[in-house]
Amino acid sequence: MLKIGFIFPSSDYLFDPFRGDPFTHFHILTILEDAFGSAIDLKLIDLRGIKRYFAKYHIPECNVFLHSVYTLDFAEQRGIIEILRQQYPDALHIAGGPHANFFPDECMMIFDSVIFGEGDDTIVEAVRDLKAGKLKRIYRPNGIVDINVYSCDRRHFLPKSATARKNVLTLRNKSGLENLWGTTAMFSRGCPYRCSFCAIEYARREAPGIRFRKPEYVEAEIEYLKKDYGIQGLSLTDEIVFPLNPKAAMRHLEAIGRTNILWRGQCRVDGVTPEIASLARQSGCVALGMGVESVAQRCLDIINKQVSVQKARETIAMLKANDIEARMYLIIGLPGEPDDIVEQTWSFIRETQPDLVYLGLFTVRPGTEMFNNPEKFGIASVSYDWENTMHRRRGNQENKKQLSFKYAPVTPWGRGMSEEEIIRNHNEIYRRVKEAGLSSFELYKDSNITDD
Ligand code: B12
Ligand code: SF4
């Protein structure tokens, strides 16, 4: 029988790698299970928390190994393949995922076959080809897939203890929810916006826009999680949790509401109307995170955020008025920051009183407009050392902070800030945020926080 193992790397740069769930792996394995049933043996080889050196002892022999390649994981994945080529020399390695799409040549040198773009249909084609001894080097999708033709992602590939966890719905202002059994879920794919610091642009180049699962499938998936895993609370990791069309958003929220689950999610500052906020609360929403990114309008314009600082103010107030915790994501070090960014940021926080502030240091991520055209953003150099191109959470929290890029001394917006200044600004805002009890890291001390 053909044995297929989908490897999830150690994620050793995360404070708690079990804070998120491997959706890609659940999804692809569910598709293969539906297509081939008991004719193939499927495994999710979960290396989270396992030291890299010991990975080899946790990987059983398979005919084929699957890998979803992320930039931060790439060095580890390459190391695992080197070991597996010795340990199981006949096994083949098939890859897909963001980093494979950004750097196809590099990935083609390492993997036997690479699936570009959405792999929902092409993985089935690849396994059929493999069985016939005709695995191709490259697979590409035929157009954008319909995400409603697949079963809901089944989670039985991991033990129940990895899915149902506490501390998923911890709130700043109310206690008790941290004890609910929770997990993460996602009911959409993609994002129609193109912020220049975000990897969505290139990760989803072949499938622009956003697609949502039908309300009846959303409801069925939540009921499955309640019944089989005892789930009481959900963290929804969709980039944009509400369908953009207001009628569709209402049907979506009504479906979630019928399950009586509590949930938190993410949205853009321009993605919530008062009606949606009120319905979201009725459907069990307790907190929403928003990419405010910067309180300097010039930065928002440069990064193509297509929102105003004023809109962020209004949305924070609207969520609070609806008893939904308003959490804001901020990035320090963006191009075009004014010299007094610390004071501007602090005065915005004092005025709007968000419930939590997630503070990030700007990184130029592979797969972004900024990585591909740095000079347009006044950036003189960017690191190609994959393990250091994005902040590793452990490193970020515990070690010396470092930037993965340098601004030119003169940028299209004036003087380019030095690494030292940016880190000093970040540290100062973080100090004030922490003192005010608004730090997300303090709230989730014991676990990592998923990011946008
Ligand atoms: C949910 C999510 C997570 C989850 C689950 C990730 C997972 N590995 O399953 C968690 C919270 C764990 C996570 C963590 C991180 N994430 Co994340 N995550 C996402 C998010 C929001 C959705 C991904 C997803 O599950 N989609 C649903 C599945 C079905 O779609 P998919 O993953 O795109 O896979 C499809 C194709 O890409 C392809 N495919 C992908 N892999 C493979 C593999 C094979 C073998 C095949 C056949 C096909 C295939 O087929 C799939 C079906 O069409 C994306 C943004 C986005 N909207 O795409 C960011 C995103 C992928 N994450 C990103 C990042 C940076 C991270 C972290 C490094 C962040 C951090 N520092 O904490 C970590 C990495 C952890 C890890 N080791 O995986 C970046 C990737 C950038 C990059 N250069 O690599 C993205 C694009 C966000 C962004 N805007 O920057 N993430
Ligand atoms: S930052 Fe958010 S809104 Fe902008 S492109 Fe990325 S996912 Fe979309």
# chains A, B, ... in the order shown; residues from 1 in each chain; ligands from 1
>>> select_by_dssp(residues="region 89-201 of chain A", states="strand (DSSP E)", output="PyMOL selection string")
chain A and resi 92-96+113-115+138-139+182-185+188-191
>>> write_last_selection(atoms="N, CA and C atoms", output="compact mmCIF listing (two decimals), in the first residue's frame")
# COMPACT_ATOMS: atom_id res chain seq x y z
N LEU A 92 10.00 9.57 -2.24
CA LEU A 92 9.94 10.80 -3.05
C LEU A 92 9.41 11.94 -2.19
N HIS A 93 9.75 13.18 -2.59
CA HIS A 93 9.35 14.35 -1.81
C HIS A 93 8.59 15.33 -2.70
N ILE A 94 7.35 15.62 -2.29
CA ILE A 94 6.50 16.55 -3.06
C ILE A 94 6.24 17.79 -2.21
N ALA A 95 6.42 18.97 -2.81
CA ALA A 95 6.24 20.21 -2.04
C ALA A 95 5.20 21.13 -2.66
N GLY A 96 4.67 22.00 -1.80
CA GLY A 96 3.81 23.11 -2.23
C GLY A 96 3.97 24.18 -1.17
N SER A 113 9.08 16.82 -6.84
CA SER A 113 7.95 17.39 -7.58
C SER A 113 7.44 18.60 -6.80
N VAL A 114 7.06 19.67 -7.53
CA VAL A 114 6.55 20.86 -6.84
C VAL A 114 5.17 21.18 -7.39
N ILE A 115 4.25 21.41 -6.44
CA ILE A 115 2.87 21.75 -6.81
C ILE A 115 2.72 23.25 -6.58
N ILE A 138 6.50 19.18 -12.16
CA ILE A 138 5.74 20.39 -11.82
C ILE A 138 4.24 20.14 -12.04
N TYR A 139 3.44 20.66 -11.12
CA TYR A 139 1.98 20.65 -11.31
C TYR A 139 1.47 22.07 -11.11
N GLY A 182 -10.94 25.07 23.22
CA GLY A 182 -10.97 25.82 21.95
C GLY A 182 -10.05 25.25 20.91
N THR A 183 -10.20 25.74 19.69
CA THR A 183 -9.28 25.42 18.61
C THR A 183 -9.35 26.55 17.59
N THR A 184 -8.53 26.44 16.51
CA THR A 184 -8.63 27.44 15.46
C THR A 184 -9.35 26.84 14.26
N ALA A 185 -9.94 27.70 13.45
CA ALA A 185 -10.61 27.24 12.22
C ALA A 185 -10.55 28.37 11.21
N SER A 188 -12.46 30.76 5.03
CA SER A 188 -12.31 31.50 3.78
C SER A 188 -10.94 31.20 3.20
N ARG A 189 -10.72 31.69 2.02
CA ARG A 189 -9.37 31.60 1.45
C ARG A 189 -9.07 32.90 0.70
N GLY A 190 -7.92 33.49 1.04
CA GLY A 190 -7.43 34.65 0.27
C GLY A 190 -7.79 35.99 0.88
N CYS A 191 -7.44 37.03 0.13
CA CYS A 191 -7.72 38.40 0.53
C CYS A 191 -7.68 39.24 -0.74
>>> residues_around(residues="Phe242 (chain A)", least_positions_apart="5", cutoff="12 Å", atoms="only C-alpha atoms", output="PyMOL selection string")
chain A and resi 186-189+191+210-213+215+236-237+247-254+256+264-273+276-277+279-280+285+288
>>> write_last_selection(atoms="N, CA and C atoms", output="JSON list (two decimals), in the first residue's frame")
[["chain", "number", "residue", "atom", "x", "y", "z"],
["A", 186, "MET", "N", -10.85, 28.04, 9.97],
["A", 186, "MET", "CA", -10.77, 29.04, 8.90],
["A", 186, "MET", "C", -11.84, 28.72, 7.87],
["A", 187, "PHE", "N", -12.65, 29.70, 7.51],
["A", 187, "PHE", "CA", -13.77, 29.43, 6.60],
["A", 187, "PHE", "C", -13.65, 30.17, 5.28],
["A", 188, "SER", "N", -12.46, 30.76, 5.03],
["A", 188, "SER", "CA", -12.31, 31.50, 3.78],
["A", 188, "SER", "C", -10.94, 31.20, 3.20],
["A", 189, "ARG", "N", -10.72, 31.69, 2.02],
["A", 189, "ARG", "CA", -9.37, 31.60, 1.45],
["A", 189, "ARG", "C", -9.07, 32.90, 0.70],
["A", 191, "CYS", "N", -7.44, 37.03, 0.13],
["A", 191, "CYS", "CA", -7.72, 38.40, 0.53],
["A", 191, "CYS", "C", -7.68, 39.24, -0.74],
["A", 210, "ILE", "N", -11.18, 36.79, -2.57],
["A", 210, "ILE", "CA", -11.48, 36.03, -1.35],
["A", 210, "ILE", "C", -12.68, 35.12, -1.61],
["A", 211, "ARG", "N", -12.61, 33.91, -1.11],
["A", 211, "ARG", "CA", -13.72, 32.96, -1.25],
["A", 211, "ARG", "C", -14.12, 32.44, 0.12],
["A", 212, "PHE", "N", -15.41, 32.32, 0.36],
["A", 212, "PHE", "CA", -15.89, 31.82, 1.66],
["A", 212, "PHE", "C", -16.56, 30.46, 1.51],
["A", 213, "ARG", "N", -16.49, 29.66, 2.55],
["A", 213, "ARG", "CA", -17.27, 28.42, 2.56],
["A", 213, "ARG", "C", -18.73, 28.79, 2.72],
["A", 215, "PRO", "N", -22.50, 28.98, 4.12],
["A", 215, "PRO", "CA", -22.91, 28.99, 5.53],
["A", 215, "PRO", "C", -23.23, 27.60, 6.08],
["A", 236, "LEU", "N", -10.83, 32.22, 14.87],
["A", 236, "LEU", "CA", -10.91, 32.11, 13.41],
["A", 236, "LEU", "C", -9.71, 32.83, 12.81],
["A", 237, "THR", "N", -8.94, 32.12, 12.00],
["A", 237, "THR", "CA", -7.70, 32.71, 11.51],
["A", 237, "THR", "C", -7.83, 33.29, 10.10],
["A", 247, "LYS", "N", -24.98, 41.16, 2.81],
["A", 247, "LYS", "CA", -25.98, 40.07, 2.95],
["A", 247, "LYS", "C", -25.28, 38.74, 3.20],
["A", 248, "ALA", "N", -24.18, 38.52, 2.48],
["A", 248, "ALA", "CA", -23.43, 37.27, 2.67],
["A", 248, "ALA", "C", -22.85, 37.23, 4.09],
["A", 249, "ALA", "N", -22.40, 38.42, 4.58],
["A", 249, "ALA", "CA", -21.83, 38.48, 5.93],
["A", 249, "ALA", "C", -22.90, 38.09, 6.95],
["A", 250, "MET", "N", -24.13, 38.54, 6.72],
["A", 250, "MET", "CA", -25.20, 38.22, 7.67],
["A", 250, "MET", "C", -25.49, 36.72, 7.68],
["A", 251, "ARG", "N", -25.56, 36.12, 6.49],
["A", 251, "ARG", "CA", -25.83, 34.66, 6.43],
["A", 251, "ARG", "C", -24.69, 33.89, 7.10],
["A", 252, "HIS", "N", -23.47, 34.37, 6.90],
["A", 252, "HIS", "CA", -22.29, 33.72, 7.48],
["A", 252, "HIS", "C", -22.37, 33.78, 9.02],
["A", 253, "LEU", "N", -22.67, 34.97, 9.53],
["A", 253, "LEU", "CA", -22.72, 35.15, 10.98],
["A", 253, "LEU", "C", -23.91, 34.41, 11.59],
["A", 254, "GLU", "N", -25.02, 34.39, 10.86],
["A", 254, "GLU", "CA", -26.18, 33.64, 11.38],
["A", 254, "GLU", "C", -25.83, 32.16, 11.51],
["A", 256, "ILE", "N", -22.84, 30.86, 12.06],
["A", 256, "ILE", "CA", -21.98, 30.67, 13.24],
["A", 256, "ILE", "C", -22.85, 30.78, 14.51],
["A", 264, "ARG", "N", -13.40, 34.40, 18.32],
["A", 264, "ARG", "CA", -12.70, 35.65, 18.02],
["A", 264, "ARG", "C", -12.11, 35.54, 16.62],
["A", 265, "GLY", "N", -11.82, 36.71, 16.00],
["A", 265, "GLY", "CA", -11.34, 36.66, 14.63],
["A", 265, "GLY", "C", -10.57, 37.91, 14.27],
["A", 266, "GLN", "N", -10.39, 38.11, 12.97],
["A", 266, "GLN", "CA", -9.61, 39.25, 12.47],
["A", 266, "GLN", "C", -10.35, 39.93, 11.33],
["A", 267, "CYS", "N", -10.19, 41.22, 11.22],
["A", 267, "CYS", "CA", -10.80, 41.91, 10.09],
["A", 267, "CYS", "C", -10.01, 43.19, 9.80],
["A", 268, "ARG", "N", -10.32, 43.82, 8.69],
["A", 268, "ARG", "CA", -9.71, 45.12, 8.40],
["A", 268, "ARG", "C", -10.48, 46.21, 9.14],
["A", 269, "VAL", "N", -9.85, 47.36, 9.34],
["A", 269, "VAL", "CA", -10.56, 48.41, 10.07],
["A", 269, "VAL", "C", -11.75, 48.93, 9.27],
["A", 270, "ASP", "N", -11.72, 48.73, 7.94],
["A", 270, "ASP", "CA", -12.86, 49.18, 7.14],
["A", 270, "ASP", "C", -13.81, 48.03, 6.81],
["A", 271, "GLY", "N", -13.67, 46.90, 7.53],
["A", 271, "GLY", "CA", -14.47, 45.73, 7.19],
["A", 271, "GLY", "C", -15.68, 45.52, 8.08],
["A", 272, "VAL", "N", -15.98, 46.42, 9.01],
["A", 272, "VAL", "CA", -17.11, 46.22, 9.93],
["A", 272, "VAL", "C", -18.04, 47.42, 9.90],
["A", 273, "THR", "N", -19.31, 47.16, 9.69],
["A", 273, "THR", "CA", -20.31, 48.22, 9.83],
["A", 273, "THR", "C", -20.97, 48.05, 11.21],
["A", 276, "ILE", "N", -22.98, 44.86, 11.22],
["A", 276, "ILE", "CA", -22.18, 43.63, 11.27],
["A", 276, "ILE", "C", -21.61, 43.45, 12.69],
["A", 277, "ALA", "N", -21.15, 44.55, 13.30],
["A", 277, "ALA", "CA", -20.59, 44.44, 14.65],
["A", 277, "ALA", "C", -21.65, 43.91, 15.62],
["A", 279, "LEU", "N", -24.37, 42.12, 14.90],
["A", 279, "LEU", "CA", -24.69, 40.73, 14.58],
["A", 279, "LEU", "C", -23.53, 39.80, 14.99],
["A", 280, "ALA", "N", -22.29, 40.29, 14.81],
["A", 280, "ALA", "CA", -21.13, 39.48, 15.20],
["A", 280, "ALA", "C", -21.21, 39.17, 16.70],
["A", 285, "CYS", "N", -19.24, 36.52, 18.93],
["A", 285, "CYS", "CA", -17.91, 37.12, 18.79],
["A", 285, "CYS", "C", -17.54, 37.89, 20.07],
["A", 288, "LEU", "N", -12.07, 41.03, 18.32],
["A", 288, "LEU", "CA", -11.64, 41.14, 16.92],
["A", 288, "LEU", "C", -10.29, 41.83, 16.87]]
>>> residues_around(residues="region 44-51 of chain A", least_positions_apart="5", cutoff="6 Å", atoms="only C-alpha atoms", output="list in words")
Gly5, Phe6, Ile7, Phe8, Pro9, Ser10, Ser11 and Phe157 of chain A
>>> atom_distance(atom1="CA of Phe371 (chain A)", atom2="CA of Phe74 (chain A)")
17.1 Å
>>> residues_near_ligand(ligand="ligand 2", cutoff="7 Å", atoms="only C-alpha atoms and all ligand atoms", output="PyMOL selection string")
chain A and resi 191-195+198-201+239+268+291+305+452
>>> write_last_selection(atoms="C-alpha atoms", output="compact mmCIF listing (two decimals), in the first residue's frame")
# COMPACT_ATOMS: atom_id res chain seq x y z
CA CYS A 191 -7.72 38.40 0.53
CA PRO A 192 -8.69 40.89 -2.17
CA TYR A 193 -6.30 43.59 -0.92
CA ARG A 194 -2.65 43.99 -1.80
CA CYS A 195 -0.76 45.56 1.08
CA CYS A 198 2.03 41.20 3.09
CA ALA A 199 2.96 37.88 1.49
CA ILE A 200 -0.59 37.33 0.25
CA GLU A 201 0.18 39.12 -3.01
CA GLU A 239 -7.46 37.18 7.19
CA ARG A 268 -9.71 45.12 8.40
CA GLY A 291 -4.42 45.46 11.23
CA LYS A 305 -3.26 49.71 3.14
CA ASP A 452 -1.84 38.36 10.36
>>> closest_atom_pairs(of="region 23-133 of chain A", to="region 352-365 of chain A", cutoff="12 Å", atoms="only C-alpha atoms", output="JSON lines")
{"residue": "A:Tyr70", "atom": "CA", "partner": "A:Arg365", "partner_atom": "CA", "distance": 11.1}
{"residue": "A:Thr71", "atom": "CA", "partner": "A:Arg365", "partner_atom": "CA", "distance": 8.7}
{"residue": "A:Leu72", "atom": "CA", "partner": "A:Arg365", "partner_atom": "CA", "distance": 10.0}
{"residue": "A:Pro98", "atom": "CA", "partner": "A:Arg365", "partner_atom": "CA", "distance": 11.3}
{"residue": "A:His99", "atom": "CA", "partner": "A:Arg365", "partner_atom": "CA", "distance": 10.6}
{"residue": "A:Phe102", "atom": "CA", "partner": "A:Arg365", "partner_atom": "CA", "distance": 10.7}
>>> write_last_selection(atoms="N, CA and C atoms", output="JSON list (two decimals), in the first residue's frame")
[["chain", "number", "residue", "atom", "x", "y", "z"],
["A", 70, "TYR", "N", 7.31, 26.94, 4.03],
["A", 70, "TYR", "CA", 7.25, 28.31, 4.52],
["A", 70, "TYR", "C", 8.69, 28.82, 4.58],
["A", 71, "THR", "N", 8.88, 30.09, 4.38],
["A", 71, "THR", "CA", 10.24, 30.65, 4.36],
["A", 71, "THR", "C", 11.01, 30.32, 5.65],
["A", 72, "LEU", "N", 10.35, 30.54, 6.77],
["A", 72, "LEU", "CA", 11.07, 30.32, 8.04],
["A", 72, "LEU", "C", 11.39, 28.85, 8.28],
["A", 98, "PRO", "N", 3.76, 28.58, 0.28],
["A", 98, "PRO", "CA", 4.19, 29.93, -0.09],
["A", 98, "PRO", "C", 5.62, 30.03, -0.60],
["A", 99, "HIS", "N", 6.57, 29.44, 0.13],
["A", 99, "HIS", "CA", 7.97, 29.63, -0.28],
["A", 99, "HIS", "C", 8.25, 28.97, -1.63],
["A", 102, "PHE", "N", 7.25, 31.43, -4.18],
["A", 102, "PHE", "CA", 8.09, 32.62, -4.30],
["A", 102, "PHE", "C", 9.43, 32.28, -4.95]]
>>> residues_around(residues="region 127-133 of chain A", least_positions_apart="6", cutoff="12 Å", atoms="only C-alpha atoms", output="PyMOL selection string")
chain A and resi 1-4+28-29+31-33+35-36+39-40+42+63-66+91-94+112-113+115+119-121+139
>>> select_by_dssp(residues="region 218-435 of chain A", states="alpha helix (DSSP H)", output="PyMOL selection string")
chain A and resi 218-229+246-258+274-282+297-302+309-321+341-352+369-372+393-398+419-435
>>> decode(residues="region 83-101 of chain A", atoms="C-alpha atoms", output="PDB file, in the first residue's frame")
ATOM      1  CA  ILE A  83      18.437  12.985   6.294  1.00  0.00           C
ATOM      2  CA  LEU A  84      15.471  11.219   4.710  1.00  0.00           C
ATOM      3  CA  ARG A  85      17.300  10.765   1.397  1.00  0.00           C
ATOM      4  CA  GLN A  86      19.824   8.650   3.360  1.00  0.00           C
ATOM      5  CA  GLN A  87      17.357   6.987   5.694  1.00  0.00           C
ATOM      6  CA  TYR A  88      14.709   6.110   3.056  1.00  0.00           C
ATOM      7  CA  PRO A  89      16.516   6.499  -0.292  1.00  0.00           C
ATOM      8  CA  ASP A  90      13.550   5.364  -2.419  1.00  0.00           C
ATOM      9  CA  ALA A  91      11.089   7.860  -0.935  1.00  0.00           C
ATOM     10  CA  LEU A  92       9.940  10.803  -3.054  1.00  0.00           C
ATOM     11  CA  HIS A  93       9.352  14.355  -1.814  1.00  0.00           C
ATOM     12  CA  ILE A  94       6.500  16.549  -3.064  1.00  0.00           C
ATOM     13  CA  ALA A  95       6.240  20.208  -2.039  1.00  0.00           C
ATOM     14  CA  GLY A  96       3.812  23.106  -2.228  1.00  0.00           C
ATOM     15  CA  GLY A  97       3.205  26.247  -0.182  1.00  0.00           C
ATOM     16  CA  PRO A  98       4.186  29.930  -0.090  1.00  0.00           C
ATOM     17  CA  HIS A  99       7.974  29.628  -0.278  1.00  0.00           C
ATOM     18  CA  ALA A 100       7.762  27.183  -3.204  1.00  0.00           C
ATOM     19  CA  ASN A 101       5.689  29.769  -5.073  1.00  0.00           C
TER      20      ASN A 101
END
